[in-house]
$ cat work_23.cif   # mmCIF, C-alpha atoms
data_target
#
loop_
_atom_site.label_atom_id
_atom_site.label_comp_id
_atom_site.auth_asym_id
_atom_site.auth_seq_id
_atom_site.Cartn_x
_atom_site.Cartn_y
_atom_site.Cartn_z
CA MET A 1 -138.82 122.37 -47.27
CA LYS A 2 -141.91 124.33 -46.29
CA GLY A 3 -144.25 121.44 -45.47
CA ASP A 4 -147.24 123.77 -45.54
CA GLY A 5 -149.23 121.86 -48.19
CA VAL A 6 -149.25 124.91 -50.47
CA THR A 7 -145.66 125.68 -51.43
CA PRO A 8 -144.17 123.07 -53.82
CA ASP A 9 -141.37 121.12 -52.14
CA THR A 10 -140.40 118.94 -55.11
CA GLU A 11 -137.03 120.53 -55.86
CA GLN A 12 -135.90 120.57 -52.24
CA ILE A 13 -136.91 116.95 -51.64
CA GLN A 14 -135.27 115.72 -54.85
CA SER A 15 -132.13 117.70 -54.04
CA ALA A 16 -131.95 116.05 -50.62
CA ILE A 17 -132.36 112.61 -52.22
CA ASN A 18 -129.59 113.38 -54.71
CA GLN A 19 -127.23 114.57 -51.98
CA LEU A 20 -127.83 111.43 -49.92
CA SER A 21 -127.28 109.31 -53.03
CA ALA A 22 -123.96 111.05 -53.74
CA ARG A 23 -122.80 110.02 -50.25
CA GLY A 24 -123.83 106.41 -50.82
CA GLY A 25 -127.39 106.69 -49.50
CA GLY A 26 -129.16 107.41 -46.27
CA GLU A 27 -132.49 108.30 -44.65
CA LEU A 28 -134.52 111.41 -45.42
CA TYR A 29 -136.81 112.17 -42.48
CA PHE A 30 -140.04 114.15 -42.81
CA PRO A 31 -141.38 115.67 -39.57
CA SER A 32 -145.07 116.51 -39.16
CA GLY A 33 -146.34 118.60 -42.07
CA HIS A 34 -147.84 118.43 -45.56
CA TYR A 35 -145.19 118.31 -48.30
CA LEU A 36 -146.63 119.23 -51.69
CA THR A 37 -144.64 117.49 -54.42
CA GLY A 38 -144.60 116.18 -57.95
CA THR A 39 -142.52 113.25 -59.18
CA LEU A 40 -139.64 112.17 -56.95
CA ILE A 41 -136.98 109.76 -58.28
CA LEU A 42 -135.62 107.37 -55.66
CA LYS A 43 -132.08 106.04 -55.93
CA ASP A 44 -129.93 103.29 -54.42
CA ASN A 45 -129.87 103.01 -50.62
CA ILE A 46 -132.46 105.72 -50.05
CA THR A 47 -135.08 105.59 -47.27
CA LEU A 48 -137.95 108.05 -47.03
CA HIS A 49 -139.07 108.16 -43.40
CA LEU A 50 -142.47 109.78 -42.96
CA GLY A 51 -142.81 110.72 -39.31
CA LYS A 52 -146.09 110.82 -37.43
CA GLY A 53 -148.25 113.58 -38.90
CA ALA A 54 -146.12 113.85 -42.06
CA THR A 55 -147.88 113.60 -45.43
CA LEU A 56 -146.47 113.67 -48.93
CA LEU A 57 -149.18 115.52 -50.84
CA GLY A 58 -149.31 114.77 -54.55
CA SER A 59 -149.47 117.79 -56.81
CA THR A 60 -152.66 118.38 -58.80
CA ASP A 61 -150.71 119.80 -61.75
CA LEU A 62 -150.02 117.12 -64.37
CA ASN A 63 -146.95 119.07 -65.47
CA ASP A 64 -145.39 118.07 -62.16
CA TYR A 65 -145.46 114.41 -63.27
CA PRO A 66 -143.13 114.14 -66.28
CA VAL A 67 -143.48 111.02 -68.41
CA GLN A 68 -140.72 108.56 -67.50
CA SER A 69 -138.83 106.69 -70.20
CA ILE A 70 -139.15 103.01 -69.25
CA ARG A 71 -136.50 100.49 -70.30
CA TYR A 72 -138.46 97.38 -69.32
CA VAL A 73 -140.89 96.34 -72.08
CA SER A 74 -144.38 95.74 -70.71
CA HIS A 75 -148.00 95.90 -71.79
CA VAL A 76 -148.69 98.58 -69.19
CA ASN A 77 -146.09 100.90 -70.73
CA GLY A 78 -148.92 101.85 -73.04
CA TYR A 79 -151.07 102.86 -70.09
CA ASN A 80 -149.22 105.36 -67.98
CA ASN A 81 -145.64 106.36 -67.29
CA ARG A 82 -146.24 109.00 -64.64
CA ALA A 83 -145.82 108.47 -60.90
CA LEU A 84 -145.38 110.40 -57.68
CA LEU A 85 -142.56 108.13 -56.46
CA PHE A 86 -140.56 106.48 -59.24
CA ALA A 87 -137.50 104.27 -59.51
CA GLU A 88 -136.07 101.97 -62.18
CA GLY A 89 -133.06 99.74 -61.64
CA ALA A 90 -132.51 100.89 -58.05
CA HIS A 91 -131.73 98.74 -55.02
CA ASP A 92 -132.32 99.02 -51.29
CA ILE A 93 -135.08 101.63 -51.35
CA SER A 94 -137.61 102.06 -48.55
CA ILE A 95 -140.62 104.15 -47.58
CA ILE A 96 -141.35 103.75 -43.89
CA GLY A 97 -142.89 105.46 -40.89
CA GLU A 98 -146.19 106.46 -39.33
CA GLY A 99 -147.03 109.17 -41.85
CA GLY A 100 -148.72 108.89 -45.22
CA ILE A 101 -149.03 109.77 -48.88
CA ASP A 102 -152.12 111.48 -50.29
CA GLY A 103 -152.31 111.51 -54.08
CA GLN A 104 -155.33 113.85 -54.17
CA GLY A 105 -156.77 111.56 -56.83
CA THR A 106 -160.29 112.95 -56.54
CA HIS A 107 -159.16 116.38 -57.76
CA GLN A 108 -160.70 117.61 -61.01
CA ALA A 109 -157.25 117.67 -62.60
CA PHE A 110 -157.47 113.86 -62.69
CA THR A 111 -161.03 113.57 -63.97
CA ALA A 112 -161.24 110.62 -66.36
CA ASP A 113 -162.89 110.73 -69.77
CA LYS A 114 -165.68 108.14 -69.65
CA GLU A 115 -165.63 107.89 -73.44
CA ASP A 116 -162.03 106.65 -73.33
CA PRO A 117 -161.96 102.83 -72.96
CA LEU A 118 -158.98 103.20 -70.59
CA TYR A 119 -160.60 106.06 -68.66
CA SER A 120 -157.65 108.38 -69.40
CA ILE A 121 -155.22 106.22 -67.43
CA ILE A 122 -152.48 107.50 -69.75
CA ASP A 123 -152.60 110.81 -67.87
CA ARG A 124 -153.41 109.81 -64.31
CA PRO A 125 -150.26 109.06 -62.27
CA TYR A 126 -149.60 106.19 -59.90
CA ILE A 127 -148.48 106.95 -56.37
CA ILE A 128 -145.60 104.42 -56.35
CA ARG A 129 -144.04 102.86 -59.44
CA PHE A 130 -140.84 100.85 -59.03
CA ILE A 131 -139.42 98.95 -62.00
CA SER A 132 -136.58 96.39 -62.05
CA CYS A 133 -135.67 97.23 -58.46
CA ARG A 134 -134.47 94.92 -55.69
CA GLN A 135 -134.64 95.06 -51.92
CA VAL A 136 -137.76 97.23 -51.74
CA LYS A 137 -139.58 97.91 -48.47
CA VAL A 138 -142.75 99.90 -47.87
CA SER A 139 -143.82 99.70 -44.25
CA GLY A 140 -146.24 101.23 -41.78
CA ILE A 141 -147.45 104.19 -43.84
CA SER A 142 -150.93 105.16 -45.04
CA LEU A 143 -151.64 105.50 -48.76
CA ILE A 144 -154.78 107.30 -49.89
CA ASN A 145 -156.48 108.68 -52.99
CA SER A 146 -154.28 107.78 -55.93
CA PRO A 147 -155.33 109.18 -59.31
CA ALA A 148 -154.92 105.60 -60.68
CA TRP A 149 -153.30 102.44 -59.28
CA MET A 150 -151.92 103.04 -55.83
CA GLN A 151 -148.65 101.16 -56.31
CA HIS A 152 -147.14 99.16 -59.16
CA TYR A 153 -144.05 96.97 -58.70
CA LEU A 154 -142.81 95.70 -62.08
CA ASP A 155 -139.93 93.23 -62.58
CA CYS A 156 -138.79 93.73 -59.00
CA GLN A 157 -137.35 91.22 -56.57
CA GLN A 158 -137.26 91.03 -52.79
CA VAL A 159 -140.27 93.27 -52.19
CA TRP A 160 -141.70 93.62 -48.69
CA LEU A 161 -144.99 95.44 -48.12
CA GLU A 162 -146.08 95.37 -44.48
CA ASN A 163 -148.65 96.99 -42.20
CA LEU A 164 -149.89 99.42 -44.84
CA THR A 165 -153.23 101.21 -44.60
CA ILE A 166 -154.53 101.72 -48.14
CA PHE A 167 -157.66 103.66 -49.03
CA ASN A 168 -158.23 104.13 -52.76
CA HIS A 169 -161.71 105.29 -53.77
CA GLY A 170 -162.84 108.12 -55.97
CA ASN A 171 -161.24 107.47 -59.36
CA TYR A 172 -161.07 104.75 -61.98
CA ASN A 173 -158.49 101.93 -61.80
CA ASN A 174 -158.13 102.46 -58.06
CA ASP A 175 -156.27 99.22 -57.25
CA GLY A 176 -154.56 98.77 -53.90
CA ILE A 177 -151.42 96.75 -54.71
CA ASP A 178 -150.23 95.60 -58.15
CA ILE A 179 -147.40 93.06 -58.32
CA ASP A 180 -146.18 92.50 -61.87
CA ASN A 181 -143.49 89.96 -62.90
CA CYS A 182 -141.92 90.16 -59.44
CA ARG A 183 -140.05 87.54 -57.42
CA GLN A 184 -139.69 87.03 -53.67
CA VAL A 185 -142.57 89.20 -52.49
CA ARG A 186 -144.12 89.43 -49.01
CA ILE A 187 -147.39 91.28 -48.38
CA THR A 188 -148.31 91.08 -44.71
CA GLY A 189 -150.66 92.77 -42.27
CA CYS A 190 -152.14 95.28 -44.72
CA LEU A 191 -155.55 96.97 -44.43
CA ILE A 192 -156.80 97.60 -47.97
CA ASP A 193 -160.02 99.36 -49.03
CA THR A 194 -160.34 99.97 -52.78
CA ASP A 195 -162.80 100.68 -55.56
CA ASP A 196 -160.95 98.41 -57.99
CA ASP A 197 -158.89 95.29 -57.25
CA GLY A 198 -157.40 94.98 -53.77
CA ILE A 199 -154.30 92.86 -54.45
CA CYS A 200 -153.64 92.14 -58.13
CA ILE A 201 -150.86 89.87 -59.40
CA LYS A 202 -150.00 90.50 -63.06
CA SER A 203 -147.56 89.37 -65.72
CA THR A 204 -147.33 92.00 -68.44
CA ASN A 205 -144.22 90.69 -70.22
CA ALA A 206 -144.22 87.21 -71.75
CA THR A 207 -140.61 86.62 -70.67
CA GLY A 208 -141.31 87.45 -67.03
CA ILE A 209 -142.75 85.59 -64.06
CA CYS A 210 -144.42 86.25 -60.73
CA GLU A 211 -142.82 83.73 -58.39
CA ASN A 212 -142.39 83.02 -54.68
CA ILE A 213 -145.05 85.38 -53.36
CA VAL A 214 -146.62 85.26 -49.90
CA VAL A 215 -149.73 87.21 -48.88
CA SER A 216 -150.87 86.85 -45.27
CA ASP A 217 -152.92 88.46 -42.53
CA CYS A 218 -154.52 91.10 -44.73
CA ILE A 219 -157.99 92.66 -44.51
CA VAL A 220 -159.20 93.52 -48.01
CA SER A 221 -162.38 95.36 -49.01
CA SER A 222 -162.81 95.69 -52.77
CA ASN A 223 -165.54 96.77 -55.16
CA CYS A 224 -163.95 94.51 -57.76
CA ASN A 225 -161.78 91.51 -56.77
CA ALA A 226 -160.12 91.21 -53.39
CA PHE A 227 -157.30 88.94 -54.63
CA LYS A 228 -156.65 88.50 -58.30
CA ILE A 229 -154.22 86.75 -60.63
CA GLU A 230 -155.40 87.94 -64.03
CA THR A 231 -156.24 90.82 -66.41
CA GLU A 232 -152.72 90.99 -67.89
CA THR A 233 -151.41 87.40 -68.07
CA ASN A 234 -148.58 87.13 -70.60
CA GLY A 235 -145.77 85.45 -68.65
CA GLY A 236 -146.11 83.10 -65.70
CA PHE A 237 -147.19 82.66 -62.08
CA ARG A 238 -145.71 80.09 -59.74
CA ASN A 239 -145.37 79.39 -56.00
CA ILE A 240 -147.93 81.86 -54.65
CA THR A 241 -149.55 81.47 -51.23
CA VAL A 242 -152.37 83.50 -49.66
CA SER A 243 -153.41 82.80 -46.05
CA ASN A 244 -155.31 84.17 -43.07
CA CYS A 245 -157.13 86.99 -44.86
CA THR A 246 -160.62 88.46 -44.86
CA PHE A 247 -162.33 89.75 -48.01
CA SER A 248 -165.42 91.95 -48.00
CA ARG A 249 -167.51 94.55 -49.74
CA PRO A 250 -166.54 98.18 -48.98
CA GLU A 251 -168.91 100.69 -47.49
CA HIS A 252 -168.22 103.01 -50.43
CA PRO A 253 -170.13 102.59 -53.72
CA THR A 254 -168.18 101.96 -56.90
CA ILE A 255 -167.35 104.78 -59.29
CA TYR A 256 -168.05 102.50 -62.27
CA ASP A 257 -171.41 102.68 -64.00
CA ARG A 258 -172.65 99.25 -63.02
CA PRO A 259 -175.00 97.97 -60.34
CA HIS A 260 -172.66 95.21 -59.24
CA ARG A 261 -170.14 95.62 -56.45
CA ALA A 262 -167.53 93.37 -54.89
CA LEU A 263 -167.43 91.12 -57.95
CA GLY A 264 -165.16 88.44 -56.54
CA GLY A 265 -163.14 87.27 -53.60
CA ILE A 266 -160.60 85.20 -55.54
CA ALA A 267 -160.03 85.44 -59.30
CA ILE A 268 -157.37 83.31 -61.02
CA SER A 269 -157.21 83.52 -64.81
CA SER A 270 -154.85 82.94 -67.70
CA VAL A 271 -156.18 84.56 -70.86
CA ASP A 272 -153.06 85.84 -72.66
CA GLY A 273 -150.87 82.73 -72.72
CA ALA A 274 -149.53 82.65 -69.16
CA PHE A 275 -148.87 79.49 -67.19
CA ILE A 276 -150.25 79.43 -63.64
CA GLU A 277 -149.17 76.65 -61.29
CA GLY A 278 -148.57 75.96 -57.65
CA ILE A 279 -151.10 78.38 -56.13
CA THR A 280 -152.53 77.89 -52.62
CA LEU A 281 -155.15 79.98 -50.82
CA THR A 282 -156.17 78.93 -47.32
CA GLY A 283 -157.85 80.37 -44.26
CA ILE A 284 -160.01 82.94 -46.06
CA THR A 285 -163.33 84.38 -44.90
CA MET A 286 -165.51 86.51 -47.16
CA HIS A 287 -168.65 88.56 -46.70
CA GLY A 288 -170.65 90.54 -49.26
CA VAL A 289 -168.79 89.38 -52.37
CA MET A 290 -170.71 88.29 -55.45
CA THR A 291 -168.59 85.24 -56.31
CA PRO A 292 -166.12 83.67 -53.85
CA PHE A 293 -163.83 82.24 -56.54
CA MET A 294 -163.33 81.99 -60.29
CA ILE A 295 -160.62 79.94 -62.00
CA ARG A 296 -160.55 80.67 -65.73
CA LEU A 297 -158.39 79.53 -68.65
CA ALA A 298 -159.27 81.27 -71.93
CA ASP A 299 -157.75 82.57 -75.16
CA ARG A 300 -157.92 86.36 -75.39
CA GLY A 301 -154.35 86.35 -76.73
CA ARG A 302 -153.46 89.99 -76.06
CA ASN A 303 -149.82 90.79 -76.85
CA TYR A 304 -147.52 92.56 -74.41
CA TYR A 305 -146.10 95.17 -76.77
CA ASP A 306 -147.47 97.02 -79.80
CA GLY A 307 -147.15 94.89 -82.92
CA GLY A 308 -146.04 91.84 -80.98
CA PRO A 309 -147.43 88.35 -81.58
CA SER A 310 -150.42 86.95 -79.77
CA GLN A 311 -149.66 83.95 -77.61
CA PRO A 312 -151.43 80.58 -77.68
CA PRO A 313 -153.55 79.63 -74.66
CA GLY A 314 -151.63 79.06 -71.47
CA THR A 315 -152.13 76.55 -68.66
CA ILE A 316 -153.61 76.48 -65.16
CA ARG A 317 -152.78 73.57 -62.89
CA HIS A 318 -152.04 72.51 -59.32
CA ILE A 319 -154.34 74.95 -57.51
CA ILE A 320 -155.59 74.40 -53.94
CA LEU A 321 -158.34 76.43 -52.27
CA SER A 322 -158.99 75.36 -48.69
CA ASN A 323 -160.61 76.40 -45.40
CA ILE A 324 -162.81 79.08 -46.94
CA VAL A 325 -166.10 80.48 -45.63
CA ALA A 326 -168.05 82.93 -47.79
CA TYR A 327 -171.39 84.74 -47.49
CA THR A 328 -172.33 86.02 -50.93
CA VAL A 329 -174.65 88.51 -52.58
CA GLY A 330 -176.06 88.11 -56.08
CA THR A 331 -176.55 84.96 -58.12
CA VAL A 332 -173.27 84.39 -59.98
CA PRO A 333 -171.79 80.98 -59.05
CA CYS A 334 -168.20 79.99 -58.45
CA SER A 335 -166.56 78.58 -61.57
CA VAL A 336 -163.64 76.47 -62.76
CA THR A 337 -163.49 76.60 -66.56
CA GLY A 338 -161.24 76.08 -69.54
CA VAL A 339 -162.14 76.43 -73.22
CA GLY A 340 -162.43 73.63 -75.75
CA GLU A 341 -159.39 71.35 -75.63
CA HIS A 342 -157.57 73.69 -73.25
CA ARG A 343 -158.43 72.32 -69.83
CA VAL A 344 -157.77 73.53 -66.33
CA GLU A 345 -155.87 70.77 -64.51
CA ASP A 346 -155.56 69.42 -60.97
CA ILE A 347 -157.81 71.68 -58.90
CA THR A 348 -158.51 70.83 -55.25
CA LEU A 349 -161.30 72.47 -53.26
CA HIS A 350 -161.12 71.48 -49.59
CA ASN A 351 -163.16 72.47 -46.52
CA ILE A 352 -165.23 75.17 -48.20
CA ARG A 353 -168.59 76.59 -47.03
CA ILE A 354 -170.41 79.02 -49.29
CA ILE A 355 -173.76 80.51 -48.32
CA THR A 356 -175.66 82.21 -51.16
CA PRO A 357 -178.86 84.28 -51.02
CA GLY A 358 -180.71 81.92 -53.39
CA LYS A 359 -183.72 83.06 -55.46
CA GLY A 360 -181.95 82.14 -58.70
CA LYS A 361 -183.95 81.27 -61.80
CA PRO A 362 -183.03 78.84 -64.57
CA SER A 363 -181.10 80.48 -67.37
CA SER A 364 -182.79 81.21 -70.69
CA VAL A 365 -179.65 79.70 -72.27
CA PRO A 366 -179.76 75.88 -72.31
CA ALA A 367 -176.75 74.42 -70.49
CA LYS A 368 -175.58 72.65 -73.65
CA ASP A 369 -175.51 75.98 -75.48
CA PHE A 370 -173.70 77.97 -72.82
CA PRO A 371 -171.11 80.02 -74.75
CA GLU A 372 -167.34 79.58 -74.39
CA MET A 373 -166.63 83.36 -74.34
CA GLU A 374 -162.92 82.65 -74.82
CA LYS A 375 -162.08 86.18 -75.99
CA GLU A 376 -164.00 88.04 -73.30
CA TYR A 377 -162.51 90.02 -70.43
CA PRO A 378 -162.18 87.57 -67.52
CA GLU A 379 -164.62 88.40 -64.75
CA THR A 380 -167.24 86.59 -62.73
CA LEU A 381 -170.15 88.16 -64.64
CA LEU A 382 -169.34 85.89 -67.59
CA PHE A 383 -171.16 83.16 -65.65
CA ILE A 384 -174.23 85.04 -64.54
CA ASP A 385 -176.38 82.70 -66.68
CA ALA A 386 -174.60 79.48 -65.73
CA PRO A 387 -176.92 76.59 -64.79
CA ALA A 388 -175.77 76.32 -61.14
CA TYR A 389 -175.87 78.50 -58.04
CA GLY A 390 -172.88 76.91 -56.30
CA LEU A 391 -170.20 75.77 -58.75
CA TYR A 392 -170.03 75.67 -62.55
CA ALA A 393 -167.16 73.54 -63.92
CA ARG A 394 -166.36 72.90 -67.57
CA HIS A 395 -163.28 71.66 -69.47
CA VAL A 396 -161.41 70.46 -66.38
CA LYS A 397 -159.00 67.55 -65.95
CA GLY A 398 -158.71 66.52 -62.33
CA LEU A 399 -161.14 68.19 -59.90
CA ILE A 400 -161.44 67.25 -56.23
CA LEU A 401 -164.24 68.54 -54.00
CA ASP A 402 -163.51 67.49 -50.43
CA ASN A 403 -166.01 68.67 -47.82
CA VAL A 404 -167.36 71.44 -50.06
CA ARG A 405 -170.88 72.69 -49.39
CA PHE A 406 -173.02 75.31 -51.10
CA THR A 407 -176.14 76.44 -49.24
CA ALA A 408 -178.86 78.76 -50.56
CA ARG A 409 -180.65 80.76 -47.86
CA GLU A 410 -183.79 80.79 -49.99
CA ALA A 411 -184.90 78.38 -52.70
CA ASP A 412 -182.83 78.47 -55.89
CA GLU A 413 -184.17 76.78 -59.00
CA ARG A 414 -180.72 76.03 -60.41
CA ALA A 415 -178.55 73.02 -59.63
CA ASN A 416 -176.20 73.07 -56.67
CA TRP A 417 -173.32 72.38 -59.04
CA TRP A 418 -172.93 71.60 -62.73
CA PHE A 419 -170.13 69.65 -64.40
CA GLU A 420 -169.48 69.46 -68.15
CA ASP A 421 -166.44 67.88 -69.81
CA VAL A 422 -164.85 67.24 -66.42
CA SER A 423 -162.63 64.16 -66.10
CA GLY A 424 -161.07 62.82 -62.92
CA LEU A 425 -163.87 64.24 -60.76
CA GLU A 426 -163.79 63.21 -57.07
CA ILE A 427 -166.43 64.33 -54.56
CA TYR A 428 -166.23 63.57 -50.84
CA ARG A 429 -168.89 64.24 -48.17
CA ARG A 430 -171.41 65.48 -50.69
CA GLU A 431 -174.56 66.96 -49.16
#
$ encode --input "work_23.cif" --output "structure tokens"
Amino acid sequence: MKGDGVTPDTEQIQSAINQLSARGGGELYFPSGHYLTGTLILKDNITLHLGKGATLLGSTDLNDYPVQSIRYVSHVNGYNNRALLFAEGAHDISIIGEGGIDGQGTHQAFTADKEDPLYSIIDRPYIIRFISCRQVKVSGISLINSPAWMQHYLDCQQVWLENLTIFNHGNYNNDGIDIDNCRQVRITGCLIDTDDDGICIKSTNATGICENIVVSDCIVSSNCNAFKIETETNGGFRNITVSNCTFSRPEHPTIYDRPHRALGGIAISSVDGAFIEGITLTGITMHGVMTPFMIRLADRGRNYYDGGPSQPPGTIRHIILSNIVAYTVGTVPCSVTGVGEHRVEDITLHNIRIITPGKGKPSSVPAKDFPEMEKEYPETLLFIDAPAYGLYARHVKGLILDNVRFTAREADERANWWFEDVSGLEIYRRE
């Protein structure tokens, strides 16, 4: 391997991986240098060890990222099947060390077509894409400048992501971490700075589930949502805990053509039939986000494979948000909402302080006429005209507000909170 950042090293690296695999696995060590490469296929019992000063440099030639044939059926198979590091059905694979991976995602070769509703994500590769793998570890390395999502783990189990430094700005769909229908996942001690979602939990196959996931001690700056369970929500989500994290607005402006940045701190939505239950977020501080939290049950009904059936509305229940402090920008309130007869159930908000800028004006839409928007893409901006500056709740069964306070720094003409079709409402220590 040359490691000069100019000469392609793909064949030599893949050959070394194959040789290790033939001997039952092993560690491939990269000393200081820049290793220009296209797609690398990882196999059982393989560790890539990036030493200090070592960088895997993603090729800027799309021909170096062949389309992978994916066995696992998923909604995102229609997006993109290219990646710098790829594995399907492998076990005991690791990427570790003090070095990094640079996807060169700002290069003109990855320029997105703004007229394409998916911003040409079909062509822009991920940095890491592991599918149906088990015993996966990514530790210590830096990940920068993906052409699309930084890393996508789909139908994997026993995934450990620790002490990663992630910087992903400069292209569309620049998420930090995407966990999709995975089980037994730990995300700890990561520093994440992204233009799109920071940590996104998805379920893109109706038969799959995201379950037993722990996120802790992470610092997340996002121009979209810092932590998100939504967008693709076909299967299920259960037993997910987030603790001891900070969420904030990045220094870098968003690439998207919109004036809004840092849309949300926490977004939890089921819009394609998924069930969401047993979710706890605690010990979170936020600064510069538009909306600290949104919990949304709706009925977009998007299928997870071409020609497949749409699913009926899902469920959201047994959610606890506690010990949260947030300083917000903008005028979009927090929200907990279902649609029609499909209610969000058993939501507890405990020890929460939210400080807003105020200056909000009453909506031109009467509260009684506020639209359901059940088919719309789930994001906080849906509630920009809601009749409250603190919390808007509608179609909820079982809502507890315990020591929850919303404070506007300047006068706001809207209500502190607004409840409609909410049963089992309990409020303690109301201001």
$ closest_residue --input "work_23.cif" --among "A:Met294, A:Val422, A:Ile352, A:Leu154" --to "Gly340 in chain A" --atoms "all atoms listed in the file"
A:Val422
$ closest_atom_pairs --input "work_23.cif" --of "range 129-175 of chain A" --to "range 48-63 of chain A" --cutoff "12 Å" --atoms "only C-alpha atoms" --output "CSV"
residue,atom,partner,partner_atom,distance
A:Val136,CA,A:Leu48,CA,11.8
A:Lys137,CA,A:Leu48,CA,10.4
A:Val138,CA,A:Leu48,CA,9.5
A:Ser139,CA,A:His49,CA,9.7
A:Gly140,CA,A:Leu50,CA,9.4
A:Ile141,CA,A:Leu50,CA,7.5
A:Ser142,CA,A:Thr55,CA,9.0
A:Leu143,CA,A:Thr55,CA,9.5
A:Ile144,CA,A:Leu57,CA,10.0
A:Asn145,CA,A:Gly58,CA,9.5
A:Ser146,CA,A:Gly58,CA,8.7
A:Pro147,CA,A:Gly58,CA,9.5
$ residues_near_point --input "work_23.cif" --point "(-151.4, 83.7, -76.2)" --cutoff "7 Å" --atoms "all atoms listed in the file" --output "list in words"
Asp272, Gly273, Asp299, Gly301, Arg302, Ser310, Gln311, Pro312, Pro313 and Gly314 of chain A
$ resolve_selection --input "work_23.cif" --expression "the PyMOL selection byres ((chain A and resi 211-214) around 12)" --output "VMD selection string"
chain A and resid 155 to 162 179 to 189 199 to 203 208 to 210 215 to 218 229 235 to 245 275 to 282
$ write_last_selection --input "work_23.cif" --atoms "C-alpha atoms" --output "tab-separated table (two decimals), in the frame of the given file"
chain	number	residue	atom	x	y	z
A	155	ASP	CA	-139.93	93.23	-62.58
A	156	CYS	CA	-138.79	93.73	-59.00
A	157	GLN	CA	-137.35	91.22	-56.57
A	158	GLN	CA	-137.26	91.03	-52.79
A	159	VAL	CA	-140.27	93.27	-52.19
A	160	TRP	CA	-141.70	93.62	-48.69
A	161	LEU	CA	-144.99	95.44	-48.12
A	162	GLU	CA	-146.08	95.37	-44.48
A	179	ILE	CA	-147.40	93.06	-58.32
A	180	ASP	CA	-146.18	92.50	-61.87
A	181	ASN	CA	-143.49	89.96	-62.90
A	182	CYS	CA	-141.92	90.16	-59.44
A	183	ARG	CA	-140.05	87.54	-57.42
A	184	GLN	CA	-139.69	87.03	-53.67
A	185	VAL	CA	-142.57	89.20	-52.49
A	186	ARG	CA	-144.12	89.43	-49.01
A	187	ILE	CA	-147.39	91.28	-48.38
A	188	THR	CA	-148.31	91.08	-44.71
A	189	GLY	CA	-150.66	92.77	-42.27
A	199	ILE	CA	-154.30	92.86	-54.45
A	200	CYS	CA	-153.64	92.14	-58.13
A	201	ILE	CA	-150.86	89.87	-59.40
A	202	LYS	CA	-150.00	90.50	-63.06
A	203	SER	CA	-147.56	89.37	-65.72
A	208	GLY	CA	-141.31	87.45	-67.03
A	209	ILE	CA	-142.75	85.59	-64.06
A	210	CYS	CA	-144.42	86.25	-60.73
A	215	VAL	CA	-149.73	87.21	-48.88
A	216	SER	CA	-150.87	86.85	-45.27
A	217	ASP	CA	-152.92	88.46	-42.53
A	218	CYS	CA	-154.52	91.10	-44.73
A	229	ILE	CA	-154.22	86.75	-60.63
A	235	GLY	CA	-145.77	85.45	-68.65
A	236	GLY	CA	-146.11	83.10	-65.70
A	237	PHE	CA	-147.19	82.66	-62.08
A	238	ARG	CA	-145.71	80.09	-59.74
A	239	ASN	CA	-145.37	79.39	-56.00
A	240	ILE	CA	-147.93	81.86	-54.65
A	241	THR	CA	-149.55	81.47	-51.23
A	242	VAL	CA	-152.37	83.50	-49.66
A	243	SER	CA	-153.41	82.80	-46.05
A	244	ASN	CA	-155.31	84.17	-43.07
A	245	CYS	CA	-157.13	86.99	-44.86
A	275	PHE	CA	-148.87	79.49	-67.19
A	276	ILE	CA	-150.25	79.43	-63.64
A	277	GLU	CA	-149.17	76.65	-61.29
A	278	GLY	CA	-148.57	75.96	-57.65
A	279	ILE	CA	-151.10	78.38	-56.13
A	280	THR	CA	-152.53	77.89	-52.62
A	281	LEU	CA	-155.15	79.98	-50.82
A	282	THR	CA	-156.17	78.93	-47.32
$ residues_near_point --input "work_23.cif" --point "(-175.3, 71.5, -66.9)" --cutoff "7 Å" --atoms "all atoms listed in the file" --output "PyMOL selection string"
chain A and resi 367-368+387+418-420
$ atom_distance --input "work_23.cif" --atom1 "CA of Thr47 in chain A" --atom2 "CA of Val67 in chain A"
23.4 Å
$ atom_distance --input "work_23.cif" --atom1 "CA of Ile13 in chain A" --atom2 "CA of Met1 in chain A"
7.2 Å
$ resolve_selection --input "work_23.cif" --expression "the PyMOL selection byres ((chain A and resi 175) around 9)" --output "PyMOL selection string"
chain A and resi 146+148-151+168-169+172-174+176-178+194-200+222
$ resolve_selection --input "work_23.cif" --expression "the PyMOL selection byres ((chain A and resi 360) around 12)" --output "list of chain:residue names"
A:Val329, A:Gly330, A:Thr331, A:Val332, A:Pro333, A:Thr356, A:Pro357, A:Gly358, A:Lys359, A:Lys361, A:Pro362, A:Ser363, A:Ile384, A:Asp385, A:Ala386, A:Pro387, A:Ala388, A:Tyr389, A:Gly390, A:Ala408, A:Arg409, A:Glu410, A:Ala411, A:Asp412, A:Glu413, A:Arg414, A:Ala415, A:Asn416
$ residues_around --input "work_23.cif" --residues "His395 in chain A" --least-positions-apart "4" --cutoff "6 Å" --atoms "only C-alpha atoms" --output "JSON, numbers by chain"
{"A": [337, 338, 343, 421, 422]}
$ atom_distance --input "work_23.cif" --atom1 "CA of Asp257 in chain A" --atom2 "CA of Ser74 in chain A"
28.7 Å
$ closest_residue --input "work_23.cif" --among "A:Leu118, A:Val336, A:Ile284, A:Ile96" --to "Lys397 in chain A" --atoms "all atoms listed in the file"
A:Val336
$ residues_around --input "work_23.cif" --residues "Leu401 in chain A" --least-positions-apart "6" --cutoff "8 Å" --atoms "only C-alpha atoms" --output "short mmCIF file (atom, residue, chain, number, x, y, z; two decimals) with C-alpha atoms, keeping the file's coordinate frame"
data_model
loop_
_atom_site.label_atom_id
_atom_site.label_comp_id
_atom_site.auth_asym_id
_atom_site.auth_seq_id
_atom_site.Cartn_x
_atom_site.Cartn_y
_atom_site.Cartn_z
CA THR A 348 -158.51 70.83 -55.25
CA LEU A 349 -161.30 72.47 -53.26
CA HIS A 350 -161.12 71.48 -49.59
CA GLU A 426 -163.79 63.21 -57.07
CA ILE A 427 -166.43 64.33 -54.56
CA TYR A 428 -166.23 63.57 -50.84
#
